[in-house]
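Source file work-v2.csv; content: CSV, C-alpha atoms.
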```csv
chain,number,residue,atom,x,y,z
A,1,MET,CA,34.1,-5.9,-0.5
A,2,LYS,CA,32.2,-5.1,2.7
A,3,ALA,CA,29.2,-2.8,2.9
A,4,THR,CA,27.3,-1.6,6.0
A,5,PHE,CA,23.6,-0.7,6.2
A,6,GLU,CA,21.2,0.4,8.9
A,7,HIS,CA,18.0,-1.4,9.5
A,8,ARG,CA,15.6,-0.6,12.4
A,9,GLY,CA,18.3,1.4,14.2
A,10,ILE,CA,20.9,-1.4,14.0
A,11,THR,CA,24.0,-1.3,11.8
A,12,HIS,CA,24.7,-4.5,9.8
A,13,GLN,CA,27.4,-5.6,7.5
A,14,VAL,CA,27.5,-7.8,4.3
A,15,ASN,CA,30.2,-8.9,2.0
A,16,LEU,CA,29.2,-7.9,-1.5
A,17,ALA,CA,31.9,-10.2,-2.9
A,18,GLU,CA,29.8,-13.2,-1.8
A,19,PRO,CA,26.5,-13.0,-3.6
A,20,ILE,CA,24.1,-15.9,-3.5
A,21,ASP,CA,22.0,-16.0,-6.7
A,22,ILE,CA,18.7,-17.7,-6.1
A,23,SER,CA,17.3,-17.2,-9.6
A,24,ILE,CA,16.9,-20.0,-12.2
A,25,SER,CA,18.4,-19.1,-15.6
A,26,LEU,CA,16.2,-19.2,-18.7
A,27,THR,CA,17.3,-21.4,-21.5
A,28,ASN,CA,15.8,-22.8,-24.7
A,29,THR,CA,16.6,-26.4,-23.8
A,30,ASP,CA,14.6,-29.2,-22.2
A,31,GLU,CA,16.5,-28.3,-18.9
A,32,ASN,CA,14.3,-25.2,-18.5
A,33,PRO,CA,11.6,-25.5,-15.8
A,34,ILE,CA,8.0,-25.1,-17.1
A,35,ALA,CA,4.7,-24.4,-15.5
A,36,TRP,CA,1.2,-23.6,-16.7
A,37,TYR,CA,0.9,-25.9,-19.7
A,38,ILE,CA,3.2,-24.0,-22.1
A,39,GLU,CA,6.2,-25.2,-24.1
A,40,LYS,CA,9.9,-24.3,-23.4
A,41,PRO,CA,11.2,-20.8,-24.3
A,42,VAL,CA,12.4,-20.1,-27.8
A,43,ILE,CA,15.7,-18.3,-28.4
A,44,GLU,CA,16.7,-18.1,-32.0
A,45,PRO,CA,18.5,-15.7,-34.5
A,46,VAL,CA,16.6,-13.1,-36.5
A,47,ARG,CA,16.3,-14.1,-40.2
A,48,PHE,CA,15.9,-11.7,-43.1
A,49,GLY,CA,15.9,-13.9,-46.3
A,50,ASP,CA,19.4,-15.4,-46.5
A,51,TRP,CA,20.7,-13.3,-43.6
A,52,VAL,CA,20.9,-15.0,-40.2
A,53,GLY,CA,21.7,-13.1,-37.0
A,54,LYS,CA,24.3,-15.7,-35.9
A,55,VAL,CA,28.0,-15.2,-36.2
A,56,SER,CA,28.7,-19.0,-36.4
A,57,GLU,CA,26.5,-19.2,-39.6
A,58,GLY,CA,28.7,-16.7,-41.4
A,59,SER,CA,26.2,-14.1,-42.6
A,60,SER,CA,26.3,-11.8,-39.6
A,61,SER,CA,29.0,-9.9,-37.6
A,62,THR,CA,26.8,-10.1,-34.5
A,63,ASN,CA,24.6,-12.5,-32.7
A,64,PHE,CA,21.1,-11.1,-32.9
A,65,ASN,CA,18.4,-13.3,-31.2
A,66,ASN,CA,14.7,-13.1,-30.6
A,67,ILE,CA,13.5,-14.5,-27.3
A,68,GLN,CA,10.0,-15.8,-26.7
A,69,PHE,CA,9.1,-16.7,-23.2
A,70,ASN,CA,6.5,-16.4,-20.5
A,71,PRO,CA,7.7,-14.9,-17.2
A,72,HIS,CA,5.1,-16.8,-15.1
A,73,GLY,CA,5.8,-20.2,-16.6
A,74,HIS,CA,9.5,-20.2,-17.6
A,75,GLY,CA,11.5,-19.5,-14.5
A,76,THR,CA,12.2,-17.0,-11.7
A,77,HIS,CA,9.8,-14.1,-11.9
A,78,THR,CA,8.5,-11.3,-9.7
A,79,GLU,CA,4.9,-10.2,-10.0
A,80,CYS,CA,2.8,-7.3,-8.6
A,81,LEU,CA,-0.9,-7.2,-7.8
A,82,GLY,CA,-1.6,-6.5,-11.5
A,83,HIS,CA,-1.3,-10.2,-12.0
A,84,ILE,CA,-4.8,-10.7,-10.7
A,85,THR,CA,-6.6,-7.4,-11.2
A,86,ARG,CA,-8.9,-6.2,-14.0
A,87,ASP,CA,-7.1,-2.9,-14.4
A,88,PHE,CA,-3.4,-2.9,-15.5
A,89,TYR,CA,-0.7,-2.4,-12.9
A,90,SER,CA,3.0,-2.8,-13.7
A,91,VAL,CA,5.6,-4.5,-11.6
A,92,ASN,CA,8.1,-2.0,-13.0
A,93,GLN,CA,6.1,0.7,-11.3
A,94,ALA,CA,5.4,-1.2,-8.1
A,95,LEU,CA,9.0,-2.1,-7.3
A,96,LYS,CA,11.1,1.1,-6.9
A,97,THR,CA,13.6,0.1,-4.2
A,98,PHE,CA,15.6,-3.1,-4.5
A,99,PHE,CA,17.3,-3.9,-1.2
A,100,PHE,CA,15.5,-5.5,1.7
A,101,VAL,CA,16.3,-7.4,4.9
A,102,ALA,CA,15.1,-10.9,4.3
A,103,GLU,CA,14.7,-14.1,6.4
A,104,LEU,CA,15.4,-17.4,4.7
A,105,VAL,CA,13.3,-20.2,6.2
A,106,SER,CA,13.1,-23.9,5.2
A,107,VAL,CA,9.6,-25.5,5.4
A,108,THR,CA,8.4,-29.1,4.7
A,109,PRO,CA,4.9,-29.0,3.1
A,110,ILE,CA,2.5,-31.2,4.9
A,111,ALA,CA,-0.2,-33.4,3.5
A,112,GLN,CA,-3.8,-32.1,3.5
A,113,ASP,CA,-6.3,-34.3,1.6
A,114,GLU,CA,-4.9,-34.6,-1.9
A,115,ASP,CA,-2.5,-31.7,-1.5
A,116,PHE,CA,0.7,-30.7,0.2
A,117,ILE,CA,0.4,-27.3,1.8
A,118,ILE,CA,2.3,-24.7,3.9
A,119,ASN,CA,0.2,-23.3,6.8
A,120,ARG,CA,0.3,-20.4,9.1
A,121,ASP,CA,1.7,-22.3,12.1
A,122,GLN,CA,4.7,-23.5,10.0
A,123,LEU,CA,5.6,-20.0,9.0
A,124,GLU,CA,5.0,-18.6,12.4
A,125,SER,CA,7.3,-21.2,13.9
A,126,ALA,CA,10.0,-20.7,11.2
A,127,LEU,CA,10.1,-17.0,11.7
A,128,ASN,CA,10.1,-17.3,15.5
A,129,GLY,CA,8.8,-13.8,16.2
A,130,LYS,CA,10.8,-12.1,13.4
A,131,SER,CA,9.0,-9.7,11.0
A,132,PRO,CA,11.3,-9.2,8.1
A,133,GLU,CA,10.7,-7.0,5.0
A,134,ALA,CA,11.0,-10.1,2.8
A,135,ILE,CA,10.7,-13.8,3.4
A,136,VAL,CA,12.4,-16.5,1.3
A,137,ILE,CA,10.7,-19.8,1.6
A,138,ARG,CA,12.7,-22.9,0.7
A,139,THR,CA,10.6,-26.1,0.5
A,140,LEU,CA,12.0,-29.4,1.6
A,141,PRO,CA,13.2,-31.8,0.3
A,142,ASN,CA,15.3,-29.3,-1.6
A,143,LEU,CA,16.4,-31.3,-4.7
A,144,GLU,CA,18.5,-30.0,-7.5
A,145,ASN,CA,15.9,-31.1,-10.0
A,146,LYS,CA,13.7,-28.1,-9.0
A,147,LYS,CA,15.7,-26.2,-11.6
A,148,GLN,CA,14.3,-28.4,-14.4
A,149,LEU,CA,10.9,-29.5,-13.1
A,150,LYS,CA,7.9,-29.7,-15.4
A,151,TYR,CA,5.1,-28.5,-13.0
A,152,SER,CA,2.1,-28.7,-15.3
A,153,ASN,CA,-0.6,-31.0,-14.0
A,154,THR,CA,1.4,-32.1,-11.0
A,155,ASN,CA,-0.5,-30.2,-8.3
A,156,PRO,CA,2.6,-28.7,-6.6
A,157,PRO,CA,2.6,-27.6,-2.9
A,158,TYR,CA,1.2,-24.2,-2.1
A,159,LEU,CA,0.5,-21.7,0.7
A,160,LEU,CA,-2.8,-21.7,2.5
A,161,GLU,CA,-4.6,-18.4,2.6
A,162,GLU,CA,-4.0,-18.2,6.3
A,163,ALA,CA,-0.2,-18.4,5.7
A,164,ALA,CA,-0.3,-15.5,3.2
A,165,LEU,CA,-2.5,-13.5,5.5
A,166,PHE,CA,-0.1,-14.0,8.4
A,167,LEU,CA,2.8,-12.7,6.3
A,168,ARG,CA,0.7,-9.6,5.4
A,169,GLU,CA,-0.2,-9.1,9.1
A,170,ILE,CA,3.4,-9.0,10.2
A,171,GLY,CA,4.4,-6.6,7.5
A,172,VAL,CA,6.2,-8.8,5.0
A,173,LYS,CA,6.3,-6.9,1.7
A,174,HIS,CA,8.2,-9.3,-0.5
A,175,LEU,CA,7.4,-13.0,-0.6
A,176,LEU,CA,9.8,-15.3,-2.5
A,177,ILE,CA,9.2,-19.1,-2.9
A,178,ASP,CA,10.6,-22.0,-4.8
A,179,LEU,CA,7.3,-23.1,-6.2
A,180,PRO,CA,5.5,-22.1,-9.4
A,181,SER,CA,2.7,-20.4,-7.4
A,182,VAL,CA,1.7,-19.5,-3.9
A,183,ASP,CA,-1.7,-20.9,-4.8
A,184,ARG,CA,-3.0,-24.3,-5.8
A,185,GLU,CA,-2.5,-25.2,-9.5
A,186,SER,CA,-6.2,-25.7,-10.0
A,187,ASP,CA,-8.3,-23.6,-7.7
A,188,GLN,CA,-11.2,-22.4,-9.9
A,189,GLY,CA,-9.5,-19.0,-10.1
A,190,LYS,CA,-9.9,-18.2,-6.4
A,191,LEU,CA,-6.2,-17.2,-6.0
A,192,LEU,CA,-6.7,-17.0,-2.2
A,193,SER,CA,-3.1,-16.6,-1.2
A,194,HIS,CA,-2.3,-14.0,-3.9
A,195,LYS,CA,-5.3,-12.0,-2.8
A,196,ALA,CA,-4.6,-12.3,0.9
A,197,PHE,CA,-0.9,-11.2,0.5
A,198,TRP,CA,-1.8,-8.2,-1.7
A,199,ASN,CA,-5.0,-7.4,0.3
A,200,VAL,CA,-7.0,-7.5,-2.9
A,201,GLN,CA,-10.7,-7.9,-2.0
A,202,ASN,CA,-12.2,-7.4,-5.4
A,203,VAL,CA,-10.2,-7.8,-8.6
A,204,HIS,CA,-12.7,-5.7,-10.6
A,205,GLN,CA,-12.8,-2.7,-8.2
A,206,LEU,CA,-9.5,-2.5,-6.3
A,207,ASN,CA,-9.8,-1.5,-2.7
A,208,ALA,CA,-7.9,1.6,-1.5
A,209,ASP,CA,-5.6,-0.3,0.9
A,210,ALA,CA,-4.5,-2.9,-1.6
A,211,ARG,CA,-0.7,-3.4,-1.4
A,212,HIS,CA,0.6,-1.9,-4.6
A,213,ASP,CA,4.3,-1.9,-3.4
A,214,CYS,CA,4.4,-5.6,-2.5
A,215,THR,CA,5.7,-8.4,-4.7
A,216,ILE,CA,5.6,-12.2,-5.0
A,217,THR,CA,8.6,-13.9,-6.6
A,218,GLU,CA,8.1,-17.5,-7.6
A,219,MET,CA,10.3,-20.3,-9.0
A,220,ILE,CA,13.5,-19.5,-7.2
A,221,PHE,CA,16.1,-22.0,-6.1
A,222,VAL,CA,18.1,-21.7,-2.9
A,223,PRO,CA,21.0,-24.1,-2.8
A,224,GLY,CA,21.0,-26.5,0.1
A,225,MET,CA,24.4,-25.3,1.4
A,226,VAL,CA,22.8,-21.9,2.2
A,227,ALA,CA,21.8,-21.7,5.8
A,228,ASP,CA,18.5,-20.4,7.1
A,229,GLY,CA,18.7,-16.9,8.7
A,230,GLY,CA,19.0,-13.3,7.9
A,231,TYR,CA,20.1,-11.9,4.6
A,232,LEU,CA,20.2,-8.7,2.6
A,233,LEU,CA,18.1,-9.3,-0.5
A,234,ASN,CA,18.8,-7.5,-3.8
A,235,LEU,CA,15.6,-8.0,-5.8
A,236,GLN,CA,16.2,-7.0,-9.5
A,237,ILE,CA,13.8,-7.2,-12.3
A,238,ALA,CA,13.9,-6.4,-16.0
A,239,SER,CA,12.2,-3.1,-16.9
A,240,PHE,CA,9.0,-4.6,-18.4
A,241,GLU,CA,5.8,-2.7,-18.1
A,242,ASN,CA,3.9,-5.8,-17.3
A,243,ASP,CA,2.3,-7.5,-14.3
A,244,ALA,CA,5.4,-9.7,-14.0
A,245,SER,CA,9.0,-9.7,-15.0
A,246,PRO,CA,11.8,-12.2,-15.1
A,247,SER,CA,13.9,-11.5,-12.0
A,248,LYS,CA,17.3,-12.1,-10.3
A,249,PRO,CA,17.0,-12.1,-6.5
A,250,VAL,CA,20.4,-12.2,-4.9
A,251,LEU,CA,21.1,-12.8,-1.2
A,252,TYR,CA,24.0,-11.5,0.9
A,253,LYS,CA,24.6,-13.1,4.3
A,254,ILE,CA,24.2,-10.5,7.2
A,255,GLN,CA,27.4,-10.8,9.1
A,256,SER,CA,26.6,-8.5,12.1
```
Would you write the structure of this file as structure tokens?
Amino acid sequence: MKATFEHRGITHQVNLAEPIDISISLTNTDENPIAWYIEKPVIEPVRFGDWVGKVSEGSSSTNFNNIQFNPHGHGTHTECLGHITRDFYSVNQALKTFFFVAELVSVTPIAQDEDFIINRDQLESALNGKSPEAIVIRTLPNLENKKQLKYSNTNPPYLLEEAALFLREIGVKHLLIDLPSVDRESDQGKLLSHKAFWNVQNVHQLNADARHDCTITEMIFVPGMVADGGYLLNLQIASFENDASPSKPVLYKIQS
């Protein structure tokens, strides 16, 4: 099924029958990725005395599960600036449109002291003058085990503040990356890249020009067969009134 859309005065076409899901599913197994020092998700049937909400156990006509998880630590999630502010802001209120022109770029983090980082020059080179609404950053090497990694206490790669600032300067509104955070795992709470991207100068007294309608999506996975280039992004979240929500970003290759 083909669909056309107009972006910046140019008509483009995508095939809606060829979606590329770049989310990681949430499970209650050891295969689930984990960050931020928590345990795996819990998915289990409701129990009332002898009654169990599971058809296979014979006492229920339906499967009726509770799910306990953390959006930031258990898989693909989308967050708004409320993730770092004193006052409450909801991603469900921040994200009100769901289709964006995106550029997928592949970047190899480089060594800096004890870290591996992504800097401004790398993103500027990868975008090559483009200024998309959304950027999808795939880090190399792009191994399948990203979908099951246990990130806690591993000091994963991250964006330098200058890289996040560059994306803000060129008008990128939605940043997607296959890492657990755009910031260093242990940074004494500085959160420099989050603040730079959202233009948050003071988490206790939000500045008037902070970017309320911009989002960061972390812990995605882009299959290696998917080529760098332009895509239509469908960024869908669950309707949680929270700073972050589990999400399902889907790409469609722009064909014209």
Hey, can you check how far atom CA of Phe5 of chain A sits from atom CA of Leu123 of chain A?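 Taking atom CA of Phe5 of chain A and atom CA of Leu123 of chain A, their separation equals 26.5 Å.
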Taking (9.9, -14.2, -27.1) in the file's coordinates as the center, which residues reach within 8 Å of it, counting only C-alpha atoms, put as a PyMOL selection string? chain A and resi 41-43+66-70
For segment 73-188 of chain A versus segment 11-34 of chain A, which residues have an atom no more than 10 Å away, and what is each residue's nearest atom pair and distance in Å rounded to one decimal, using all atoms listed in the file, chain-then-number order, as JSON lines?
```
{"residue": "A:Gly73", "atom": "CA", "partner": "A:Ile34", "partner_atom": "CA", "distance": 5.4}
{"residue": "A:His74", "atom": "CA", "partner": "A:Ile34", "partner_atom": "CA", "distance": 5.1}
{"residue": "A:Gly75", "atom": "CA", "partner": "A:Ile24", "partner_atom": "CA", "distance": 5.9}
{"residue": "A:Thr76", "atom": "CA", "partner": "A:Ser23", "partner_atom": "CA", "distance": 5.5}
{"residue": "A:His77", "atom": "CA", "partner": "A:Ser23", "partner_atom": "CA", "distance": 8.4}
{"residue": "A:Val136", "atom": "CA", "partner": "A:Ile22", "partner_atom": "CA", "distance": 9.8}
{"residue": "A:Asn145", "atom": "CA", "partner": "A:Pro33", "partner_atom": "CA", "distance": 9.1}
{"residue": "A:Lys146", "atom": "CA", "partner": "A:Pro33", "partner_atom": "CA", "distance": 7.6}
{"residue": "A:Lys147", "atom": "CA", "partner": "A:Pro33", "partner_atom": "CA", "distance": 5.9}
{"residue": "A:Gln148", "atom": "CA", "partner": "A:Pro33", "partner_atom": "CA", "distance": 4.2}
{"residue": "A:Leu149", "atom": "CA", "partner": "A:Pro33", "partner_atom": "CA", "distance": 4.9}
{"residue": "A:Lys150", "atom": "CA", "partner": "A:Ile34", "partner_atom": "CA", "distance": 4.9}
{"residue": "A:Tyr151", "atom": "CA", "partner": "A:Ile34", "partner_atom": "CA", "distance": 6.1}
{"residue": "A:Ser152", "atom": "CA", "partner": "A:Ile34", "partner_atom": "CA", "distance": 7.1}
{"residue": "A:Leu176", "atom": "CA", "partner": "A:Ile22", "partner_atom": "CA", "distance": 9.9}
{"residue": "A:Asp178", "atom": "CA", "partner": "A:Ile22", "partner_atom": "CA", "distance": 9.3}
{"residue": "A:Pro180", "atom": "CA", "partner": "A:Ile34", "partner_atom": "CA", "distance": 8.6}
```
Could you take the residues named above and write them with C-alpha atoms, as a PDB file, in the coordinates of the input?
```pdb
ATOM      1  CA  GLY A  73       5.800 -20.200 -16.600  1.00  0.00           C
ATOM      2  CA  HIS A  74       9.500 -20.200 -17.600  1.00  0.00           C
ATOM      3  CA  GLY A  75      11.500 -19.500 -14.500  1.00  0.00           C
ATOM      4  CA  THR A  76      12.200 -17.000 -11.700  1.00  0.00           C
ATOM      5  CA  HIS A  77       9.800 -14.100 -11.900  1.00  0.00           C
ATOM      6  CA  VAL A 136      12.400 -16.500   1.300  1.00  0.00           C
ATOM      7  CA  ASN A 145      15.900 -31.100 -10.000  1.00  0.00           C
ATOM      8  CA  LYS A 146      13.700 -28.100  -9.000  1.00  0.00           C
ATOM      9  CA  LYS A 147      15.700 -26.200 -11.600  1.00  0.00           C
ATOM     10  CA  GLN A 148      14.300 -28.400 -14.400  1.00  0.00           C
ATOM     11  CA  LEU A 149      10.900 -29.500 -13.100  1.00  0.00           C
ATOM     12  CA  LYS A 150       7.900 -29.700 -15.400  1.00  0.00           C
ATOM     13  CA  TYR A 151       5.100 -28.500 -13.000  1.00  0.00           C
ATOM     14  CA  SER A 152       2.100 -28.700 -15.300  1.00  0.00           C
ATOM     15  CA  LEU A 176       9.800 -15.300  -2.500  1.00  0.00           C
ATOM     16  CA  ASP A 178      10.600 -22.000  -4.800  1.00  0.00           C
ATOM     17  CA  PRO A 180       5.500 -22.100  -9.400  1.00  0.00           C
TER      18      PRO A 180
END
```
As a PyMOL selection string, please: the residues near Phe64 of chain A (cut-off 7 Å, only C-alpha atoms, same-chain neighbours under 4 positions excluded). chain A and resi 45-46+53-54
Neighbour list for Glu124 of chain A as a PyMOL selection string, cut-off 12 Å, all atoms listed in the file, skip fewer than 2 positions in-chain: chain A and resi 105+107+118-122+126-131+135+162-167+169-170
Compile a residue-level contact table for segment 80-118 of chain A against segment 182-189 of chain A at a cut-off of 10 Å, reporting for every qualifying residue the shortest atom pair and its distance in Å to one decimal, with only C-alpha atoms counted, rows ordered by chain and ascending number, as JSON lines.
```
{"residue": "A:Ile84", "atom": "CA", "partner": "A:Gly189", "partner_atom": "CA", "distance": 9.6}
{"residue": "A:Asp115", "atom": "CA", "partner": "A:Arg184", "partner_atom": "CA", "distance": 8.6}
{"residue": "A:Phe116", "atom": "CA", "partner": "A:Arg184", "partner_atom": "CA", "distance": 9.5}
{"residue": "A:Ile117", "atom": "CA", "partner": "A:Arg184", "partner_atom": "CA", "distance": 8.8}
{"residue": "A:Ile118", "atom": "CA", "partner": "A:Val182", "partner_atom": "CA", "distance": 9.4}
```
Select all residues near (-2.8, -27.8, -20.3) (cut-off 8 Å, inclusive, file coordinates), counting all atoms listed in the file, and output them as a count of residues only. 5
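Nearest to Leu233 of chain A of all the residues A:Pro132, A:Pro157, A:Pro141, A:Pro246 is A:Pro132, based on all atoms listed in the file.
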Atom CA of Asp209 of chain A to atom CA of Ser239 of chain A, straight-line distance in Å: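 That distance, rounded to one decimal, is 25.3 Å.
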List as number ranges by chain the protein and nucleic acid residues near Ser245 of chain A, meaning an atom at most 9 Å away when all atoms listed in the file are counted, but skip any in the same chain fewer than 6 places from it. A: 71-72, 76-79, 91-92, 237-239
Atom-to-atom span, atom CA of Ile220 of chain A and atom CA of Leu81 of chain A, Å: 18.9 Å
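The smallest atom-to-atom distance between Tyr252 of chain A and any of A:Ala134, A:Val101, A:Ala111, A:Leu159, using all atoms listed in the file, is found for A:Val101.
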Could you add all heavy atoms to segment 29-39 of chain A and give me the result as an mmCIF file, in the coordinates of the input?
```cif
data_model
loop_
_atom_site.group_PDB
_atom_site.id
_atom_site.type_symbol
_atom_site.label_atom_id
_atom_site.label_comp_id
_atom_site.auth_asym_id
_atom_site.auth_seq_id
_atom_site.Cartn_x
_atom_site.Cartn_y
_atom_site.Cartn_z
ATOM 1 N N THR A 29 16.390 -24.932 -23.766
ATOM 2 C CA THR A 29 16.600 -26.400 -23.800
ATOM 3 C C THR A 29 15.552 -27.065 -22.923
ATOM 4 O O THR A 29 14.777 -26.422 -22.211
ATOM 5 C CB THR A 29 18.004 -26.721 -23.198
ATOM 6 O OG1 THR A 29 17.995 -26.502 -21.771
ATOM 7 C CG2 THR A 29 19.082 -25.848 -23.828
ATOM 8 N N ASP A 30 15.572 -28.383 -22.958
ATOM 9 C CA ASP A 30 14.600 -29.200 -22.200
ATOM 10 C C ASP A 30 14.964 -29.098 -20.671
ATOM 11 O O ASP A 30 14.204 -29.598 -19.848
ATOM 12 C CB ASP A 30 14.620 -30.623 -22.615
ATOM 13 C CG ASP A 30 14.001 -30.779 -23.998
ATOM 14 O OD1 ASP A 30 13.150 -29.945 -24.358
ATOM 15 O OD2 ASP A 30 14.377 -31.729 -24.716
ATOM 16 N N GLU A 31 16.092 -28.483 -20.307
ATOM 17 C CA GLU A 31 16.500 -28.300 -18.900
ATOM 18 C C GLU A 31 15.681 -27.172 -18.251
ATOM 19 O O GLU A 31 15.676 -27.052 -17.026
ATOM 20 C CB GLU A 31 17.954 -28.038 -18.778
ATOM 21 C CG GLU A 31 18.839 -29.167 -19.278
ATOM 22 C CD GLU A 31 18.625 -30.451 -18.481
ATOM 23 O OE1 GLU A 31 18.812 -30.420 -17.254
ATOM 24 O OE2 GLU A 31 18.262 -31.469 -19.096
ATOM 25 N N ASN A 32 15.039 -26.345 -19.039
ATOM 26 C CA ASN A 32 14.300 -25.200 -18.500
ATOM 27 C C ASN A 32 13.079 -25.678 -17.716
ATOM 28 O O ASN A 32 12.329 -26.515 -18.208
ATOM 29 C CB ASN A 32 13.880 -24.254 -19.603
ATOM 30 C CG ASN A 32 13.579 -22.857 -19.092
ATOM 31 O OD1 ASN A 32 14.487 -22.031 -19.019
ATOM 32 N ND2 ASN A 32 12.340 -22.583 -18.717
ATOM 33 N N PRO A 33 12.835 -25.136 -16.498
ATOM 34 C CA PRO A 33 11.600 -25.500 -15.800
ATOM 35 C C PRO A 33 10.390 -24.907 -16.549
ATOM 36 O O PRO A 33 10.504 -23.873 -17.216
ATOM 37 C CB PRO A 33 11.751 -24.838 -14.426
ATOM 38 C CG PRO A 33 12.674 -23.693 -14.669
ATOM 39 C CD PRO A 33 13.625 -24.156 -15.739
ATOM 40 N N ILE A 34 9.244 -25.557 -16.418
ATOM 41 C CA ILE A 34 8.000 -25.100 -17.100
ATOM 42 C C ILE A 34 6.833 -25.301 -16.204
ATOM 43 O O ILE A 34 6.701 -26.322 -15.533
ATOM 44 C CB ILE A 34 7.812 -25.882 -18.428
ATOM 45 C CG1 ILE A 34 8.961 -25.643 -19.407
ATOM 46 C CG2 ILE A 34 6.494 -25.481 -19.084
ATOM 47 C CD1 ILE A 34 8.855 -26.460 -20.689
ATOM 48 N N ALA A 35 5.961 -24.310 -16.196
ATOM 49 C CA ALA A 35 4.700 -24.400 -15.500
ATOM 50 C C ALA A 35 3.590 -23.862 -16.418
ATOM 51 O O ALA A 35 3.863 -23.191 -17.419
ATOM 52 C CB ALA A 35 4.707 -23.647 -14.189
ATOM 53 N N TRP A 36 2.351 -24.161 -16.074
ATOM 54 C CA TRP A 36 1.200 -23.600 -16.700
ATOM 55 C C TRP A 36 1.009 -23.983 -18.170
ATOM 56 O O TRP A 36 0.606 -23.185 -19.011
ATOM 57 C CB TRP A 36 1.166 -22.042 -16.537
ATOM 58 C CG TRP A 36 1.407 -21.656 -15.108
ATOM 59 C CD1 TRP A 36 2.459 -20.954 -14.604
ATOM 60 C CD2 TRP A 36 0.588 -22.012 -13.982
ATOM 61 N NE1 TRP A 36 2.365 -20.844 -13.244
ATOM 62 C CE2 TRP A 36 1.219 -21.493 -12.824
ATOM 63 C CE3 TRP A 36 -0.607 -22.714 -13.832
ATOM 64 C CZ2 TRP A 36 0.701 -21.641 -11.543
ATOM 65 C CZ3 TRP A 36 -1.129 -22.881 -12.551
ATOM 66 C CH2 TRP A 36 -0.482 -22.343 -11.429
ATOM 67 N N TYR A 37 1.387 -25.253 -18.484
ATOM 68 C CA TYR A 37 0.900 -25.900 -19.700
ATOM 69 C C TYR A 37 1.490 -25.315 -21.000
ATOM 70 O O TYR A 37 0.899 -25.461 -22.065
ATOM 71 C CB TYR A 37 -0.601 -25.927 -19.766
ATOM 72 C CG TYR A 37 -1.235 -26.054 -18.400
ATOM 73 C CD1 TYR A 37 -1.944 -24.999 -17.844
ATOM 74 C CD2 TYR A 37 -1.074 -27.214 -17.640
ATOM 75 C CE1 TYR A 37 -2.495 -25.101 -16.566
ATOM 76 C CE2 TYR A 37 -1.626 -27.321 -16.363
ATOM 77 C CZ TYR A 37 -2.328 -26.264 -15.832
ATOM 78 O OH TYR A 37 -2.854 -26.358 -14.571
ATOM 79 N N ILE A 38 2.606 -24.642 -20.908
ATOM 80 C CA ILE A 38 3.200 -24.000 -22.100
ATOM 81 C C ILE A 38 4.447 -24.841 -22.497
ATOM 82 O O ILE A 38 4.888 -25.737 -21.785
ATOM 83 C CB ILE A 38 3.567 -22.564 -21.871
ATOM 84 C CG1 ILE A 38 4.465 -22.400 -20.640
ATOM 85 C CG2 ILE A 38 2.305 -21.730 -21.725
ATOM 86 C CD1 ILE A 38 4.855 -20.969 -20.336
ATOM 87 N N GLU A 39 5.011 -24.494 -23.660
ATOM 88 C CA GLU A 39 6.200 -25.200 -24.100
ATOM 89 C C GLU A 39 7.450 -24.398 -23.635
ATOM 90 O O GLU A 39 7.343 -23.330 -23.039
ATOM 91 C CB GLU A 39 6.210 -25.218 -25.662
ATOM 92 C CG GLU A 39 5.026 -25.995 -26.242
ATOM 93 C CD GLU A 39 5.023 -27.447 -25.828
ATOM 94 O OE1 GLU A 39 6.124 -28.035 -25.707
ATOM 95 O OE2 GLU A 39 3.925 -28.016 -25.616
#
```
